[in-house]
file coords.tsv (TSV, C-alpha atoms)
chain	number	residue	atom	x	y	z
A	278	MET	CA	0.00	0.00	0.00
A	279	ARG	CA	1.44	3.33	-1.10
A	280	ALA	CA	0.43	6.98	-0.96
A	281	ARG	CA	-1.07	6.66	-4.45
A	282	ASP	CA	-3.52	4.05	-3.14
A	283	LEU	CA	-4.72	6.24	-0.28
A	284	LEU	CA	-4.74	9.76	-1.70
A	285	ALA	CA	-7.86	11.67	-2.61
A	286	ASP	CA	-8.56	15.06	-4.12
A	287	PHE	CA	-8.23	17.70	-1.47
A	288	PRO	CA	-9.43	21.31	-1.61
A	289	THR	CA	-6.80	24.03	-1.49
A	290	VAL	CA	-6.68	27.67	-0.44
A	291	THR	CA	-4.28	30.43	-1.47
A	292	LEU	CA	-2.59	33.23	0.44
A	293	ASP	CA	-5.41	35.52	-0.71
A	294	THR	CA	-8.24	33.35	0.67
A	295	SER	CA	-9.98	35.05	3.57
A	296	VAL	CA	-9.67	33.48	7.01
A	297	LEU	CA	-13.47	33.21	7.11
A	298	ASP	CA	-13.60	31.29	3.81
A	299	ALA	CA	-10.81	29.00	5.03
A	300	ALA	CA	-12.71	28.32	8.26
A	301	ARG	CA	-15.93	27.65	6.35
A	302	LEU	CA	-14.20	25.22	3.98
A	303	LEU	CA	-12.73	23.32	6.92
A	304	ALA	CA	-16.06	23.15	8.74
A	305	ASP	CA	-18.36	22.51	5.77
A	306	GLN	CA	-16.28	19.64	4.39
A	307	ASP	CA	-15.19	18.34	7.80
A	308	LEU	CA	-11.53	18.47	6.78
A	309	PRO	CA	-8.63	17.66	9.13
A	310	GLY	CA	-6.73	20.69	7.80
A	311	LEU	CA	-6.02	22.75	4.69
A	312	ILE	CA	-3.37	22.90	1.99
A	313	VAL	CA	-2.21	26.43	1.11
A	314	VAL	CA	-0.90	26.48	-2.46
A	315	ASP	CA	1.30	28.91	-4.40
A	316	PRO	CA	0.35	30.29	-7.86
A	317	ASP	CA	1.71	27.08	-9.43
A	318	GLY	CA	-0.65	24.98	-7.31
A	319	LEU	CA	2.14	23.53	-5.16
A	320	PRO	CA	1.94	23.35	-1.33
A	321	LEU	CA	3.31	26.42	0.41
A	322	SER	CA	2.02	25.38	3.78
A	323	ILE	CA	-0.15	22.65	5.25
A	324	LEU	CA	-2.25	23.68	8.21
A	325	ALA	CA	-3.78	21.30	10.73
A	326	GLY	CA	-7.34	22.20	11.77
A	327	THR	CA	-6.09	23.79	14.98
A	328	GLN	CA	-3.76	26.01	12.92
A	329	VAL	CA	-6.67	27.12	10.72
A	330	LEU	CA	-8.53	27.99	13.91
A	331	ALA	CA	-5.45	29.80	15.20
A	332	LEU	CA	-5.59	32.09	12.12
A	333	ALA	CA	-8.83	33.46	13.57
A	334	VAL	CA	-8.01	33.70	17.27
A	335	PRO	CA	-6.50	37.00	18.44
A	336	GLY	CA	-2.89	36.49	19.49
A	337	TYR	CA	-3.42	37.90	22.98
A	338	CYS	CA	-6.08	35.22	23.67
A	339	GLN	CA	-3.79	32.42	22.56
A	340	ASP	CA	-0.97	33.55	24.81
A	341	ASP	CA	-2.97	34.34	27.93
A	342	PRO	CA	-6.04	32.28	28.91
A	343	ALA	CA	-7.07	34.98	31.40
A	344	LEU	CA	-7.54	37.49	28.57
A	345	ALA	CA	-9.84	35.15	26.64
A	346	ARG	CA	-11.90	34.75	29.84
A	347	VAL	CA	-12.65	38.49	30.19
A	348	VAL	CA	-14.21	38.80	26.73
A	349	ASP	CA	-17.99	38.63	27.23
A	350	GLU	CA	-20.09	35.93	25.61
A	351	ALA	CA	-21.60	38.09	22.85
A	352	HIS	CA	-18.20	39.30	21.69
A	353	ALA	CA	-16.70	35.82	22.05
A	354	ASP	CA	-19.43	34.37	19.80
A	355	ALA	CA	-18.46	36.88	17.12
A	356	PHE	CA	-14.69	36.41	17.19
A	357	LEU	CA	-14.60	34.86	13.73
A	358	ARG	CA	-16.48	37.80	12.20
A	359	ASP	CA	-13.83	40.15	13.55
A	360	VAL	CA	-11.21	38.56	11.29
A	361	ALA	CA	-13.48	37.84	8.34
A	362	ASP	CA	-11.56	40.08	5.95
A	363	ARG	CA	-8.11	39.03	7.04
A	364	THR	CA	-6.41	36.77	4.50
A	365	VAL	CA	-4.49	33.58	5.06
A	366	ARG	CA	-1.36	35.54	4.05
A	367	GLN	CA	-1.76	37.92	6.99
A	368	ALA	CA	-2.24	35.15	9.52
A	369	LEU	CA	0.00	32.35	8.29
A	370	PRO	CA	2.30	30.89	10.94
A	371	PRO	CA	6.05	30.72	10.19
A	372	THR	CA	6.92	27.90	7.80
A	373	PRO	CA	7.87	24.82	9.83
A	374	ARG	CA	11.14	22.95	9.40
A	375	GLU	CA	9.46	20.15	7.49
A	376	LEU	CA	6.26	20.25	5.43
A	377	PRO	CA	4.11	17.11	5.41
A	378	VAL	CA	4.56	16.49	1.69
A	379	THR	CA	5.46	13.16	0.12
A	380	ASP	CA	5.51	11.33	-3.22
A	381	PRO	CA	3.08	8.69	-4.54
A	382	ASP	CA	5.51	5.86	-3.70
A	383	ALA	CA	5.65	6.53	0.04
A	384	THR	CA	4.64	3.50	2.14
A	385	VAL	CA	2.06	3.71	4.92
A	386	LEU	CA	4.88	3.62	7.47
A	387	GLU	CA	6.59	6.59	5.83
A	388	ILE	CA	3.30	8.51	5.75
A	389	ALA	CA	2.52	7.61	9.38
A	390	ALA	CA	6.00	8.66	10.51
A	391	LEU	CA	5.66	11.94	8.59
A	392	MET	CA	2.25	12.67	10.18
A	393	ALA	CA	3.60	11.85	13.63
A	394	ARG	CA	6.76	13.93	13.15
A	395	THR	CA	5.00	17.00	11.75
A	396	HIS	CA	1.82	16.62	13.89
A	397	SER	CA	-0.19	16.93	10.68
A	398	PRO	CA	-3.39	14.95	10.12
A	399	LEU	CA	-2.93	15.30	6.37
A	400	VAL	CA	-0.03	14.79	3.99
A	401	ALA	CA	0.05	16.34	0.53
A	402	VAL	CA	1.17	14.07	-2.31
A	403	VAL	CA	3.21	15.75	-5.04
A	404	ASP	CA	4.58	14.17	-8.19
A	405	GLN	CA	6.65	15.85	-10.89
A	406	GLY	CA	5.73	19.34	-9.79
A	407	ARG	CA	2.02	18.61	-9.50
A	408	LEU	CA	-0.20	18.28	-6.42
A	409	LEU	CA	-2.05	14.97	-6.78
A	410	GLY	CA	-4.10	15.19	-3.58
A	411	ALA	CA	-3.67	14.34	0.07
A	412	VAL	CA	-3.67	11.35	2.39
A	413	THR	CA	-5.65	12.05	5.55
A	414	LEU	CA	-5.02	10.42	8.92
A	415	GLN	CA	-8.47	8.83	8.58
A	416	ALA	CA	-7.68	7.33	5.15
A	417	LEU	CA	-4.34	6.06	6.43
A	418	MET	CA	-5.88	4.45	9.51
A	419	ASP	CA	-8.67	2.88	7.46
A	420	GLY	CA	-6.14	1.49	4.99
A	421	VAL	CA	-3.82	0.10	7.65
A	422	LEU	CA	-6.58	-1.44	9.76
A	423	ALA	CA	-8.22	-3.07	6.72
A	424	SER	CA	-4.98	-4.61	5.43
B	1132	MET	CA	-22.59	30.02	23.47
B	1133	ARG	CA	-20.64	28.08	26.05
B	1134	ALA	CA	-18.81	24.76	26.28
B	1135	ARG	CA	-21.98	23.18	27.73
B	1136	ASP	CA	-23.85	24.03	24.49
B	1137	LEU	CA	-21.23	22.41	22.27
B	1138	LEU	CA	-20.06	19.37	24.19
B	1139	ALA	CA	-20.96	15.81	23.34
B	1140	ASP	CA	-20.23	12.42	24.84
B	1141	PHE	CA	-16.77	11.33	23.85
B	1142	PRO	CA	-15.28	7.84	24.13
B	1143	THR	CA	-12.33	7.38	26.46
B	1144	VAL	CA	-9.41	4.98	26.76
B	1145	THR	CA	-7.30	4.07	29.78
B	1146	LEU	CA	-3.58	3.46	30.24
B	1147	ASP	CA	-4.29	-0.27	29.84
B	1148	THR	CA	-6.03	0.06	26.46
B	1149	SER	CA	-3.96	-1.50	23.69
B	1150	VAL	CA	-2.52	0.77	21.03
B	1151	LEU	CA	-4.40	-1.27	18.41
B	1152	ASP	CA	-7.75	-0.76	20.17
B	1153	ALA	CA	-7.03	2.95	20.51
B	1154	ALA	CA	-6.24	3.19	16.79
B	1155	ARG	CA	-9.40	1.26	15.89
B	1156	LEU	CA	-11.56	3.51	18.08
B	1157	LEU	CA	-10.11	6.61	16.43
B	1158	ALA	CA	-10.59	5.23	12.92
B	1159	ASP	CA	-13.99	3.56	13.37
B	1160	GLN	CA	-15.61	6.60	14.96
B	1161	ASP	CA	-13.68	9.14	12.88
B	1162	LEU	CA	-12.54	10.96	16.02
B	1163	PRO	CA	-10.14	13.93	16.02
B	1164	GLY	CA	-8.29	12.42	19.00
B	1165	LEU	CA	-8.73	10.46	22.22
B	1166	ILE	CA	-9.15	11.21	25.91
B	1167	VAL	CA	-7.05	9.02	28.22
B	1168	VAL	CA	-8.72	8.83	31.62
B	1169	ASP	CA	-7.48	7.77	35.07
B	1170	PRO	CA	-9.32	5.25	37.28
B	1171	ASP	CA	-11.65	8.06	38.45
B	1172	GLY	CA	-12.63	8.81	34.87
B	1173	LEU	CA	-10.79	12.14	34.74
B	1174	PRO	CA	-8.52	13.18	31.85
B	1175	LEU	CA	-4.90	12.14	32.30
B	1176	SER	CA	-3.96	13.04	28.77
B	1177	ILE	CA	-5.67	14.20	25.59
B	1178	LEU	CA	-4.12	12.95	22.39
B	1179	ALA	CA	-4.63	14.48	18.98
B	1180	GLY	CA	-5.11	11.95	16.17
B	1181	THR	CA	-1.49	12.34	15.10
B	1182	GLN	CA	-0.39	11.51	18.65
B	1183	VAL	CA	-2.52	8.36	18.65
B	1184	LEU	CA	-0.81	7.44	15.39
B	1185	ALA	CA	2.56	8.24	16.94
B	1186	LEU	CA	1.88	5.62	19.65
B	1187	ALA	CA	2.10	3.02	16.88
B	1188	VAL	CA	5.03	4.32	14.83
B	1189	PRO	CA	8.49	3.03	15.85
B	1190	GLY	CA	10.56	5.87	17.30
B	1191	TYR	CA	13.42	5.40	14.82
B	1192	CYS	CA	11.01	6.02	11.92
B	1193	GLN	CA	9.67	9.21	13.44
B	1194	ASP	CA	13.13	10.65	13.96
B	1195	ASP	CA	14.68	9.67	10.65
B	1196	PRO	CA	12.64	9.66	7.41
B	1197	ALA	CA	15.39	7.67	5.68
B	1198	LEU	CA	14.84	4.74	8.06
B	1199	ALA	CA	11.11	4.61	7.33
B	1200	ARG	CA	11.95	4.51	3.60
B	1201	VAL	CA	14.09	1.34	3.85
B	1202	VAL	CA	11.28	-0.75	5.41
B	1203	ASP	CA	9.73	-2.75	2.56
B	1204	GLU	CA	6.06	-2.40	1.64
B	1205	ALA	CA	4.86	-5.66	3.21
B	1206	HIS	CA	6.44	-4.84	6.56
B	1207	ALA	CA	5.30	-1.22	6.35
B	1208	ASP	CA	1.69	-2.36	5.80
B	1209	ALA	CA	1.91	-4.39	9.00
B	1210	PHE	CA	3.44	-1.75	11.26
B	1211	LEU	CA	0.32	-1.43	13.38
B	1212	ARG	CA	0.19	-5.18	14.02
B	1213	ASP	CA	3.73	-5.03	15.41
B	1214	VAL	CA	2.57	-2.85	18.30
B	1215	ALA	CA	-0.85	-4.45	18.75
B	1216	ASP	CA	-0.15	-5.62	22.29
B	1217	ARG	CA	1.55	-2.46	23.46
B	1218	THR	CA	-0.64	-0.43	25.79
B	1219	VAL	CA	-1.28	3.27	25.79
B	1220	ARG	CA	0.71	3.39	29.07
B	1221	GLN	CA	3.86	2.15	27.33
B	1222	ALA	CA	3.60	4.61	24.47
B	1223	LEU	CA	2.19	7.75	26.07
B	1224	PRO	CA	4.11	10.93	25.28
B	1225	PRO	CA	5.30	13.11	28.20
B	1226	THR	CA	2.46	15.13	29.74
B	1227	PRO	CA	2.38	18.56	28.09
B	1228	ARG	CA	2.53	21.82	29.99
B	1229	GLU	CA	-1.19	22.43	29.56
B	1230	LEU	CA	-3.96	19.89	29.00
B	1231	PRO	CA	-6.88	20.99	26.79
B	1232	VAL	CA	-9.45	20.74	29.58
B	1233	THR	CA	-12.04	23.38	30.40
B	1234	ASP	CA	-15.28	23.90	32.33
B	1235	PRO	CA	-18.86	24.10	31.01
B	1236	ASP	CA	-18.88	27.92	31.24
B	1237	ALA	CA	-15.98	28.48	28.83
B	1238	THR	CA	-16.92	30.72	25.88
B	1239	VAL	CA	-16.21	29.76	22.26
B	1240	LEU	CA	-13.29	32.18	22.25
B	1241	GLU	CA	-11.75	30.52	25.31
B	1242	ILE	CA	-12.20	27.09	23.75
B	1243	ALA	CA	-10.77	28.27	20.41
B	1244	ALA	CA	-7.76	29.85	22.14
B	1245	LEU	CA	-7.19	26.66	24.15
B	1246	MET	CA	-7.34	24.49	21.00
B	1247	ALA	CA	-4.95	26.83	19.19
B	1248	ARG	CA	-2.52	27.01	22.13
B	1249	THR	CA	-2.42	23.27	22.80
B	1250	HIS	CA	-2.75	22.21	19.11
B	1251	SER	CA	-5.59	19.94	20.19
B	1252	PRO	CA	-8.66	19.37	17.99
B	1253	LEU	CA	-10.66	18.40	21.06
B	1254	VAL	CA	-11.14	19.90	24.51
B	1255	ALA	CA	-12.40	17.84	27.45
B	1256	VAL	CA	-15.08	19.48	29.60
B	1257	VAL	CA	-14.87	18.71	33.31
B	1258	ASP	CA	-17.22	19.88	36.05
B	1259	GLN	CA	-16.99	19.13	39.76
B	1260	GLY	CA	-14.62	16.23	39.29
B	1261	ARG	CA	-16.60	14.64	36.48
B	1262	LEU	CA	-15.85	14.38	32.76
B	1263	LEU	CA	-18.94	15.69	30.95
B	1264	GLY	CA	-17.72	15.14	27.40
B	1265	ALA	CA	-15.67	16.99	24.83
B	1266	VAL	CA	-15.96	19.88	22.39
B	1267	THR	CA	-14.42	19.01	19.02
B	1268	LEU	CA	-12.92	21.51	16.59
B	1269	GLN	CA	-15.70	20.55	14.18
B	1270	ALA	CA	-18.46	21.26	16.75
B	1271	LEU	CA	-16.82	24.56	17.67
B	1272	MET	CA	-16.51	25.67	14.04
B	1273	ASP	CA	-20.09	24.64	13.28
B	1274	GLY	CA	-21.33	26.56	16.32
B	1275	VAL	CA	-19.36	29.71	15.55
B	1276	LEU	CA	-20.21	29.78	11.85
B	1277	ALA	CA	-23.93	29.24	12.53
B	1278	SER	CA	-24.16	31.98	15.14

call {"tool": "encode", "arguments": {"input": "coords.tsv", "output": "structure tokens"}}
result
Amino acid sequence: MRARDLLADFPTVTLDTSVLDAARLLADQDLPGLIVVDPDGLPLSILAGTQVLALAVPGYCQDDPALARVVDEAHADAFLRDVADRTVRQALPPTPRELPVTDPDATVLEIAALMARTHSPLVAVVDQGRLLGAVTLQALMDGVLAS
Amino acid sequence: MRARDLLADFPTVTLDTSVLDAARLLADQDLPGLIVVDPDGLPLSILAGTQVLALAVPGYCQDDPALARVVDEAHADAFLRDVADRTVRQALPPTPRELPVTDPDATVLEIAALMARTHSPLVAVVDQGRLLGAVTLQALMDGVLAS
């Protein structure tokens, strides 16, 4: 079993996608994360779901739990609307040391090790300068447990 | 909107659950992670899906991609069977600085900030020494986007 056997089409966003659209895509399609692509369609960044959420949470609330607690319920409910016009570009975290990207020949062990090492529930599969799709943690687990 | 409005029952594992059973639970119920509870039913650890996967991946493969690549396909396919009898106790990562645990009164902003800070796609909700359930990233996003 190789990456090519487990991959599926996966939606992408660009640096110009709004944070709100990125959050909607994640929620509506129940995705484990998002692939941010460059103008050539290749992965620039791969964000776990919690990192997509982090795009929308004010920095001061992430750093200090006490500050999140003082925001009243009505304003808390609306936090995503406050960043609606921000783009992924403005909120992208620093590029990590290693992107979870592999080739179609990767074995399930290589994919699992890559997910574990990069803490990413999805791995993009690229071949000859083209994004083929992604292997999700769910697809990997299903494949491994069925084999 | 508070944690109590978004939480749902969430399956738990213990330190004596086998790694294989933990992986099956995650895959079969399409969970974003698992809650490891102590004998009193309170959260000892909360593992993201990638951390559950990491329980099953040999350490040498996580540290060095080249070593995962030399394992042949047949052995790679079977990697989960090799750790089937290992328990969660034997494979648990060190306890992080902050567990993603909150109370039923937490606002969506507090929950979002906690998920972002701890990189956890689920937050356990505890009240008066009892685990009430968990808020998943998906439930949080759905709640926020619908409000």

call {"tool": "closest_residue", "arguments": {"input": "coords.tsv", "among": "A:Asp359, A:Asp315, A:Asp293, A:Asp305", "to": "Ala1277 in chain B", "atoms": "only C-alpha atoms"}}
result
A:Asp305

call {"tool": "residues_around", "arguments": {"input": "coords.tsv", "residues": "Leu311 in chain A", "least_positions_apart": "5", "cutoff": "8 Å", "atoms": "all atoms listed in the file", "output": "JSON, numbers by chain"}}
result
{"A": [288, 289, 290, 299, 303, 323, 324, 325, 326, 329]}

call {"tool": "closest_atom_pairs", "arguments": {"input": "coords.tsv", "of": "chain A", "to": "chain B", "cutoff": "6 Å", "atoms": "all atoms listed in the file", "output": "tab-separated table"}}
result
residue	atom	partner	partner_atom	distance
A:Ala304	CA	B:Met1272	CA	5.9
A:Thr327	CA	B:Ala1247	CA	5.3
A:Ala331	CA	B:Ala1247	CA	5.0
A:Cys338	CA	B:Ala1244	CA	5.8
A:Gln339	CA	B:Ala1244	CA	4.7
A:Ala345	CA	B:Glu1241	CA	5.2
A:Ala353	CA	B:Leu1240	CA	5.0
A:Leu386	CA	B:Ala1207	CA	5.0
A:Glu387	CA	B:Ala1199	CA	5.2
A:Ala390	CA	B:Gln1193	CA	4.7
A:Ala393	CA	B:Ala1185	CA	5.0
A:Arg394	CA	B:Gln1193	CA	5.6
A:His396	CA	B:Thr1181	CA	5.5
A:Pro398	CA	B:Thr1181	CA	5.9
A:Met418	CA	B:Ala1158	CA	5.9

call {"tool": "atom_distance", "arguments": {"input": "coords.tsv", "atom1": "CA of Pro1235 in chain B", "atom2": "CA of Gly1260 in chain B"}}
result
12.2 Å

call {"tool": "atom_distance", "arguments": {"input": "coords.tsv", "atom1": "CA of Val360 in chain A", "atom2": "CA of Val378 in chain A"}}
result
28.8 Å

call {"tool": "atom_distance", "arguments": {"input": "coords.tsv", "atom1": "CA of Pro1231 in chain B", "atom2": "CA of Val1219 in chain B"}}
result
18.6 Å

call {"tool": "residues_around", "arguments": {"input": "coords.tsv", "residues": "Thr291 in chain A", "least_positions_apart": "3", "cutoff": "9 Å", "atoms": "all atoms listed in the file", "output": "NGL selection string"}}
result
:A and (294-295 or 312-316 or 318 or 321 or 364-366)

call {"tool": "closest_residue", "arguments": {"input": "coords.tsv", "among": "B:Val1150, B:Arg1135, B:Ser1176, B:Gly1164", "to": "Pro1225 in chain B", "atoms": "only C-alpha atoms"}}
result
B:Ser1176
